[in-house]
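Text of query_12.json (JSON, C-alpha atoms) as supplied:
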```
[["chain", "number", "residue", "atom", "x", "y", "z"],
["I", 16, "MET", "CA", -52.22, -1.54, -43.35],
["I", 17, "PRO", "CA", -54.20, 1.70, -43.70],
["I", 18, "VAL", "CA", -53.71, 4.36, -41.07],
["I", 19, "GLU", "CA", -56.85, 5.72, -39.45],
["I", 20, "ALA", "CA", -57.50, 8.81, -37.37],
["I", 21, "LEU", "CA", -58.03, 8.20, -33.67],
["I", 22, "SER", "CA", -61.17, 9.33, -31.89],
["I", 23, "ARG", "CA", -60.98, 12.19, -29.40],
["I", 24, "GLU", "CA", -61.50, 9.67, -26.57],
["I", 25, "GLU", "CA", -58.67, 7.43, -27.82],
["I", 26, "ILE", "CA", -56.37, 10.46, -28.06],
["I", 27, "GLU", "CA", -57.20, 11.65, -24.55],
["I", 28, "ASP", "CA", -56.67, 8.15, -23.14],
["I", 29, "ARG", "CA", -53.27, 7.84, -24.81],
["I", 30, "LEU", "CA", -52.20, 11.33, -23.73],
["I", 31, "GLU", "CA", -52.51, 10.27, -20.09],
["I", 32, "ALA", "CA", -49.40, 8.13, -20.62],
["I", 33, "LEU", "CA", -47.45, 11.04, -22.14],
["I", 34, "PRO", "CA", -47.00, 13.84, -19.58],
["I", 35, "GLY", "CA", -46.13, 17.14, -21.22],
["I", 36, "TRP", "CA", -47.84, 16.28, -24.50],
["I", 37, "SER", "CA", -51.14, 17.91, -25.38],
["I", 38, "LEU", "CA", -53.71, 18.08, -28.13],
["I", 39, "ASP", "CA", -53.80, 21.37, -30.03],
["I", 40, "GLY", "CA", -56.60, 21.13, -32.56],
["I", 41, "ASP", "CA", -55.74, 18.06, -34.63],
["I", 42, "ARG", "CA", -52.09, 17.92, -33.59],
["I", 43, "LEU", "CA", -50.04, 16.54, -30.73],
["I", 44, "THR", "CA", -47.61, 19.10, -29.33],
["I", 45, "ARG", "CA", -44.74, 19.09, -26.87],
["I", 46, "SER", "CA", -42.10, 21.63, -25.85],
["I", 47, "TYR", "CA", -38.80, 20.70, -24.24],
["I", 48, "ARG", "CA", -36.41, 22.96, -22.33],
["I", 49, "LEU", "CA", -32.72, 22.13, -22.46],
["I", 50, "ALA", "CA", -29.58, 23.40, -20.75],
["I", 51, "SER", "CA", -27.94, 24.75, -23.89],
["I", 52, "HIS", "CA", -28.38, 25.39, -27.57],
["I", 53, "PHE", "CA", -26.00, 22.51, -28.28],
["I", 54, "ALA", "CA", -28.19, 20.12, -26.25],
["I", 55, "ALA", "CA", -31.30, 21.34, -28.06],
["I", 56, "THR", "CA", -29.61, 20.84, -31.42],
["I", 57, "ALA", "CA", -28.50, 17.33, -30.45],
["I", 58, "LEU", "CA", -32.08, 16.48, -29.46],
["I", 59, "VAL", "CA", -33.37, 17.71, -32.83],
["I", 60, "VAL", "CA", -30.84, 15.53, -34.66],
["I", 61, "HIS", "CA", -31.82, 12.51, -32.56],
["I", 62, "ILE", "CA", -35.52, 13.13, -33.23],
["I", 63, "ALA", "CA", -34.80, 13.43, -36.96],
["I", 64, "GLN", "CA", -33.10, 10.02, -36.86],
["I", 65, "VAL", "CA", -36.17, 8.48, -35.22],
["I", 66, "GLN", "CA", -38.44, 10.15, -37.78],
["I", 67, "GLU", "CA", -36.41, 8.59, -40.58],
["I", 68, "GLU", "CA", -36.59, 5.15, -38.94],
["I", 69, "LEU", "CA", -40.37, 5.44, -38.62],
["I", 70, "ASP", "CA", -40.81, 7.23, -41.96],
["I", 71, "HIS", "CA", -43.03, 9.63, -40.05],
["I", 72, "HIS", "CA", -41.95, 13.26, -39.85],
["I", 73, "SER", "CA", -43.14, 16.01, -37.55],
["I", 74, "ASP", "CA", -42.57, 19.74, -37.49],
["I", 75, "LEU", "CA", -39.61, 20.63, -35.28],
["I", 76, "THR", "CA", -38.73, 24.10, -34.07],
["I", 77, "LEU", "CA", -35.28, 24.66, -32.59],
["I", 78, "GLY", "CA", -34.88, 27.52, -30.14],
["I", 79, "TYR", "CA", -31.91, 28.70, -28.13],
["I", 80, "HIS", "CA", -32.72, 26.36, -25.21],
["I", 81, "SER", "CA", -35.83, 24.68, -26.55],
["I", 82, "VAL", "CA", -37.31, 22.19, -28.99],
["I", 83, "ASP", "CA", -40.98, 22.29, -29.99],
["I", 84, "LEU", "CA", -42.71, 19.43, -31.81],
["I", 85, "THR", "CA", -45.99, 19.37, -33.68],
["I", 86, "VAL", "CA", -47.06, 15.88, -34.72],
["I", 87, "THR", "CA", -49.87, 14.92, -37.09],
["I", 88, "THR", "CA", -50.43, 12.43, -39.90],
["I", 89, "HIS", "CA", -50.71, 14.19, -43.24],
["I", 90, "SER", "CA", -51.95, 11.10, -45.12],
["I", 91, "VAL", "CA", -55.23, 11.17, -43.16],
["I", 92, "GLY", "CA", -55.87, 14.87, -43.56],
["I", 93, "GLY", "CA", -53.73, 16.09, -40.68],
["I", 94, "LYS", "CA", -55.47, 14.05, -38.00],
["I", 95, "VAL", "CA", -53.87, 12.24, -35.04],
["I", 96, "THR", "CA", -53.12, 8.55, -35.53],
["I", 97, "ALA", "CA", -51.29, 5.74, -33.77],
["I", 98, "LEU", "CA", -48.22, 6.72, -35.84],
["I", 99, "ASP", "CA", -48.14, 10.07, -34.03],
["I", 100, "PHE", "CA", -48.23, 8.40, -30.66],
["I", 101, "GLY", "CA", -45.50, 5.98, -31.72],
["I", 102, "LEU", "CA", -43.27, 8.94, -32.58],
["I", 103, "ALA", "CA", -44.19, 10.76, -29.36],
["I", 104, "GLU", "CA", -43.34, 7.70, -27.27],
["I", 105, "ARG", "CA", -39.96, 7.30, -28.97],
["I", 106, "VAL", "CA", -39.16, 10.99, -28.42],
["I", 107, "GLU", "CA", -40.16, 10.74, -24.75],
["I", 108, "ALA", "CA", -37.81, 7.78, -24.34],
["I", 109, "LEU", "CA", -34.79, 9.59, -25.80],
["I", 110, "ALA", "CA", -35.35, 13.14, -24.45],
["I", 111, "PRO", "CA", -33.99, 12.51, -20.91],
["I", 112, "ALA", "CA", -30.59, 11.48, -22.33],
["I", 113, "HIS", "CA", -30.31, 15.05, -23.66],
["I", 114, "GLY", "CA", -31.35, 16.63, -20.37],
["I", 115, "ALA", "CA", -34.71, 17.69, -21.82],
["I", 116, "ARG", "CA", -37.49, 18.61, -19.43]]
```

Rewrite the coordinates I just gave you, this time as structure tokens.
Amino acid sequence: MPVEALSREEIEDRLEALPGWSLDGDRLTRSYRLASHFAATALVVHIAQVQEELDHHSDLTLGYHSVDLTVTTHSVGGKVTALDFGLAERVEALAPAHGAR
């Protein structure tokens, strides 16, 4: 099934269900704070596992106590799609287990 870019209205509606996530240009973004560098690293590894399962990869930045994500779908010219929201929802579900806020 072809992936299509979501409209601005669809994106804004879906973002309401994802506190902490925002639209930055044509990308979904989210930053997490964690208690330690080890916890942040563990979160990055867990996110990478989810990305592999979904075959949908985002940009991840690992900081000392932080993880930043930038999510977009390259196959539709870097626009936001339902795939991006699927990844964001999975990350939101696993982040609390790592103490992310």

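The coordinates place CA of Arg45 (chain I) at 5.8 Å from CA of Asp83 (chain I).
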
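Of the residues under consideration (I:Ile26, I:Arg48, I:Asp74, I:Arg42), I:Arg42 shows the shortest atom-to-atom contact distance to Lys94 (chain I) when counting only C-alpha atoms.
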
Residue contacts of Leu38 (chain I) (10 Å, all atoms listed in the file) excluding same-chain residues fewer than 3 positions away, as JSON, numbers by chain
{"I": [23, 26, 27, 30, 41, 42, 43, 44, 45, 85, 86, 95]}

Please list as a compact mmCIF listing (two decimals) with C-alpha atoms, in the frame of the given file every residue within 12 Å of Leu58 (chain I), counting all atoms listed in the file and excluding residues in the same chain fewer than 2 positions away.
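Result went into out_1.txt, see below:
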```
# COMPACT_ATOMS: atom_id res chain seq x y z
CA SER I 46 -42.10 21.63 -25.85
CA TYR I 47 -38.80 20.70 -24.24
CA ARG I 48 -36.41 22.96 -22.33
CA LEU I 49 -32.72 22.13 -22.46
CA ALA I 50 -29.58 23.40 -20.75
CA SER I 51 -27.94 24.75 -23.89
CA HIS I 52 -28.38 25.39 -27.57
CA PHE I 53 -26.00 22.51 -28.28
CA ALA I 54 -28.19 20.12 -26.25
CA ALA I 55 -31.30 21.34 -28.06
CA THR I 56 -29.61 20.84 -31.42
CA VAL I 60 -30.84 15.53 -34.66
CA HIS I 61 -31.82 12.51 -32.56
CA ILE I 62 -35.52 13.13 -33.23
CA ALA I 63 -34.80 13.43 -36.96
CA GLN I 64 -33.10 10.02 -36.86
CA VAL I 65 -36.17 8.48 -35.22
CA LEU I 75 -39.61 20.63 -35.28
CA THR I 76 -38.73 24.10 -34.07
CA LEU I 77 -35.28 24.66 -32.59
CA GLY I 78 -34.88 27.52 -30.14
CA HIS I 80 -32.72 26.36 -25.21
CA SER I 81 -35.83 24.68 -26.55
CA VAL I 82 -37.31 22.19 -28.99
CA ASP I 83 -40.98 22.29 -29.99
CA LEU I 84 -42.71 19.43 -31.81
CA VAL I 106 -39.16 10.99 -28.42
CA GLU I 107 -40.16 10.74 -24.75
CA ALA I 108 -37.81 7.78 -24.34
CA LEU I 109 -34.79 9.59 -25.80
CA ALA I 110 -35.35 13.14 -24.45
CA PRO I 111 -33.99 12.51 -20.91
CA ALA I 112 -30.59 11.48 -22.33
CA HIS I 113 -30.31 15.05 -23.66
CA GLY I 114 -31.35 16.63 -20.37
CA ALA I 115 -34.71 17.69 -21.82
CA ARG I 116 -37.49 18.61 -19.43
```

Atomic separation - CA of Glu31 (chain I) relative to CA of Tyr79 (chain I), Å
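Between CA of Tyr79 (chain I) and CA of Glu31 (chain I) the gap works out to 28.8 Å.
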
Considering all atoms listed in the file, state which residue in the set I:Ala57, I:Val91, I:Leu102, I:Leu69 is at the smallest distance from Trp36 (chain I).
I:Leu102

CA of Gly35 (chain I) to CA of Ala103 (chain I) measures 10.5 Å

I need region 101-115 of chain I from the structure I supplied, saved as a PDB file, in the first residue's frame with all heavy atoms retained.
```
ATOM      1  N   GLY I 101       2.892   6.079  13.804  1.00  0.00           N
ATOM      2  CA  GLY I 101       3.008   4.727  14.345  1.00  0.00           C
ATOM      3  C   GLY I 101       4.275   4.568  15.159  1.00  0.00           C
ATOM      4  O   GLY I 101       4.266   4.000  16.262  1.00  0.00           O
ATOM      5  N   LEU I 102       5.384   5.092  14.645  1.00  0.00           N
ATOM      6  CA  LEU I 102       6.649   5.049  15.375  1.00  0.00           C
ATOM      7  C   LEU I 102       6.557   5.885  16.646  1.00  0.00           C
ATOM      8  O   LEU I 102       6.957   5.442  17.730  1.00  0.00           O
ATOM      9  CB  LEU I 102       7.801   5.524  14.494  1.00  0.00           C
ATOM     10  CG  LEU I 102       9.172   5.587  15.154  1.00  0.00           C
ATOM     11  CD1 LEU I 102       9.598   4.226  15.693  1.00  0.00           C
ATOM     12  CD2 LEU I 102      10.210   6.124  14.175  1.00  0.00           C
ATOM     13  N   ALA I 103       6.020   7.089  16.536  1.00  0.00           N
ATOM     14  CA  ALA I 103       5.897   7.967  17.705  1.00  0.00           C
ATOM     15  C   ALA I 103       5.060   7.309  18.804  1.00  0.00           C
ATOM     16  O   ALA I 103       5.413   7.374  19.988  1.00  0.00           O
ATOM     17  CB  ALA I 103       5.284   9.301  17.293  1.00  0.00           C
ATOM     18  N   GLU I 104       3.983   6.661  18.429  1.00  0.00           N
ATOM     19  CA  GLU I 104       3.123   5.996  19.418  1.00  0.00           C
ATOM     20  C   GLU I 104       3.857   4.850  20.103  1.00  0.00           C
ATOM     21  O   GLU I 104       3.739   4.670  21.316  1.00  0.00           O
ATOM     22  CB  GLU I 104       1.848   5.494  18.741  1.00  0.00           C
ATOM     23  CG  GLU I 104       0.927   6.621  18.336  1.00  0.00           C
ATOM     24  CD  GLU I 104      -0.123   6.223  17.309  1.00  0.00           C
ATOM     25  OE1 GLU I 104      -0.143   5.036  16.864  1.00  0.00           O
ATOM     26  OE2 GLU I 104      -0.918   7.099  16.924  1.00  0.00           O
ATOM     27  N   ARG I 105       4.622   4.092  19.346  1.00  0.00           N
ATOM     28  CA  ARG I 105       5.390   2.992  19.939  1.00  0.00           C
ATOM     29  C   ARG I 105       6.449   3.523  20.899  1.00  0.00           C
ATOM     30  O   ARG I 105       6.659   2.968  21.973  1.00  0.00           O
ATOM     31  CB  ARG I 105       6.057   2.150  18.843  1.00  0.00           C
ATOM     32  CG  ARG I 105       5.128   1.343  17.971  1.00  0.00           C
ATOM     33  CD  ARG I 105       4.711   0.017  18.577  1.00  0.00           C
ATOM     34  NE  ARG I 105       5.786  -0.872  18.947  1.00  0.00           N
ATOM     35  CZ  ARG I 105       6.349  -1.779  18.169  1.00  0.00           C
ATOM     36  NH1 ARG I 105       5.932  -1.940  16.927  1.00  0.00           N
ATOM     37  NH2 ARG I 105       7.326  -2.549  18.631  1.00  0.00           N
ATOM     38  N   VAL I 106       7.110   4.605  20.523  1.00  0.00           N
ATOM     39  CA  VAL I 106       8.135   5.197  21.389  1.00  0.00           C
ATOM     40  C   VAL I 106       7.491   5.718  22.669  1.00  0.00           C
ATOM     41  O   VAL I 106       8.014   5.513  23.772  1.00  0.00           O
ATOM     42  CB  VAL I 106       8.924   6.302  20.659  1.00  0.00           C
ATOM     43  CG1 VAL I 106       9.827   7.060  21.622  1.00  0.00           C
ATOM     44  CG2 VAL I 106       9.731   5.711  19.507  1.00  0.00           C
ATOM     45  N   GLU I 107       6.351   6.382  22.545  1.00  0.00           N
ATOM     46  CA  GLU I 107       5.649   6.885  23.732  1.00  0.00           C
ATOM     47  C   GLU I 107       5.278   5.750  24.680  1.00  0.00           C
ATOM     48  O   GLU I 107       5.294   5.927  25.887  1.00  0.00           O
ATOM     49  CB  GLU I 107       4.394   7.655  23.327  1.00  0.00           C
ATOM     50  CG  GLU I 107       4.646   9.072  22.917  1.00  0.00           C
ATOM     51  CD  GLU I 107       5.284   9.899  24.007  1.00  0.00           C
ATOM     52  OE1 GLU I 107       4.669  10.099  25.082  1.00  0.00           O
ATOM     53  OE2 GLU I 107       6.421  10.360  23.794  1.00  0.00           O
ATOM     54  N   ALA I 108       4.926   4.606  24.135  1.00  0.00           N
ATOM     55  CA  ALA I 108       4.536   3.467  24.974  1.00  0.00           C
ATOM     56  C   ALA I 108       5.718   2.875  25.729  1.00  0.00           C
ATOM     57  O   ALA I 108       5.556   2.392  26.849  1.00  0.00           O
ATOM     58  CB  ALA I 108       3.867   2.394  24.113  1.00  0.00           C
ATOM     59  N   LEU I 109       6.915   2.913  25.149  1.00  0.00           N
ATOM     60  CA  LEU I 109       8.067   2.299  25.797  1.00  0.00           C
ATOM     61  C   LEU I 109       8.886   3.272  26.647  1.00  0.00           C
ATOM     62  O   LEU I 109       9.600   2.848  27.552  1.00  0.00           O
ATOM     63  CB  LEU I 109       8.964   1.608  24.761  1.00  0.00           C
ATOM     64  CG  LEU I 109       9.689   2.456  23.720  1.00  0.00           C
ATOM     65  CD1 LEU I 109      11.015   2.979  24.234  1.00  0.00           C
ATOM     66  CD2 LEU I 109       9.923   1.609  22.487  1.00  0.00           C
ATOM     67  N   ALA I 110       8.804   4.552  26.393  1.00  0.00           N
ATOM     68  CA  ALA I 110       9.635   5.543  27.091  1.00  0.00           C
ATOM     69  C   ALA I 110       9.470   5.535  28.610  1.00  0.00           C
ATOM     70  O   ALA I 110      10.483   5.626  29.332  1.00  0.00           O
ATOM     71  CB  ALA I 110       9.367   6.939  26.534  1.00  0.00           C
ATOM     72  N   PRO I 111       8.268   5.407  29.158  1.00  0.00           N
ATOM     73  CA  PRO I 111       8.143   5.412  30.627  1.00  0.00           C
ATOM     74  C   PRO I 111       8.920   4.292  31.323  1.00  0.00           C
ATOM     75  O   PRO I 111       9.409   4.482  32.445  1.00  0.00           O
ATOM     76  CB  PRO I 111       6.642   5.262  30.857  1.00  0.00           C
ATOM     77  CG  PRO I 111       6.013   5.821  29.624  1.00  0.00           C
ATOM     78  CD  PRO I 111       6.964   5.420  28.515  1.00  0.00           C
ATOM     79  N   ALA I 112       9.066   3.145  30.686  1.00  0.00           N
ATOM     80  CA  ALA I 112       9.817   2.045  31.283  1.00  0.00           C
ATOM     81  C   ALA I 112      11.289   2.407  31.490  1.00  0.00           C
ATOM     82  O   ALA I 112      11.977   1.790  32.301  1.00  0.00           O
ATOM     83  CB  ALA I 112       9.695   0.788  30.419  1.00  0.00           C
ATOM     84  N   HIS I 113      11.768   3.424  30.773  1.00  0.00           N
ATOM     85  CA  HIS I 113      13.151   3.889  30.904  1.00  0.00           C
ATOM     86  C   HIS I 113      13.248   5.136  31.784  1.00  0.00           C
ATOM     87  O   HIS I 113      14.327   5.695  31.926  1.00  0.00           O
ATOM     88  CB  HIS I 113      13.725   4.188  29.513  1.00  0.00           C
ATOM     89  CG  HIS I 113      13.832   2.976  28.660  1.00  0.00           C
ATOM     90  ND1 HIS I 113      14.901   2.116  28.710  1.00  0.00           N
ATOM     91  CD2 HIS I 113      12.976   2.439  27.747  1.00  0.00           C
ATOM     92  CE1 HIS I 113      14.715   1.117  27.867  1.00  0.00           C
ATOM     93  NE2 HIS I 113      13.560   1.293  27.259  1.00  0.00           N
ATOM     94  N   GLY I 114      12.126   5.548  32.349  1.00  0.00           N
ATOM     95  CA  GLY I 114      12.120   6.735  33.188  1.00  0.00           C
ATOM     96  C   GLY I 114      12.151   8.039  32.397  1.00  0.00           C
ATOM     97  O   GLY I 114      12.459   9.093  32.950  1.00  0.00           O
ATOM     98  N   ALA I 115      11.840   7.960  31.112  1.00  0.00           N
ATOM     99  CA  ALA I 115      11.885   9.154  30.256  1.00  0.00           C
ATOM    100  C   ALA I 115      10.723  10.072  30.573  1.00  0.00           C
ATOM    101  O   ALA I 115       9.618   9.644  30.831  1.00  0.00           O
ATOM    102  CB  ALA I 115      11.853   8.746  28.788  1.00  0.00           C
TER     103      ALA I 115
END
```
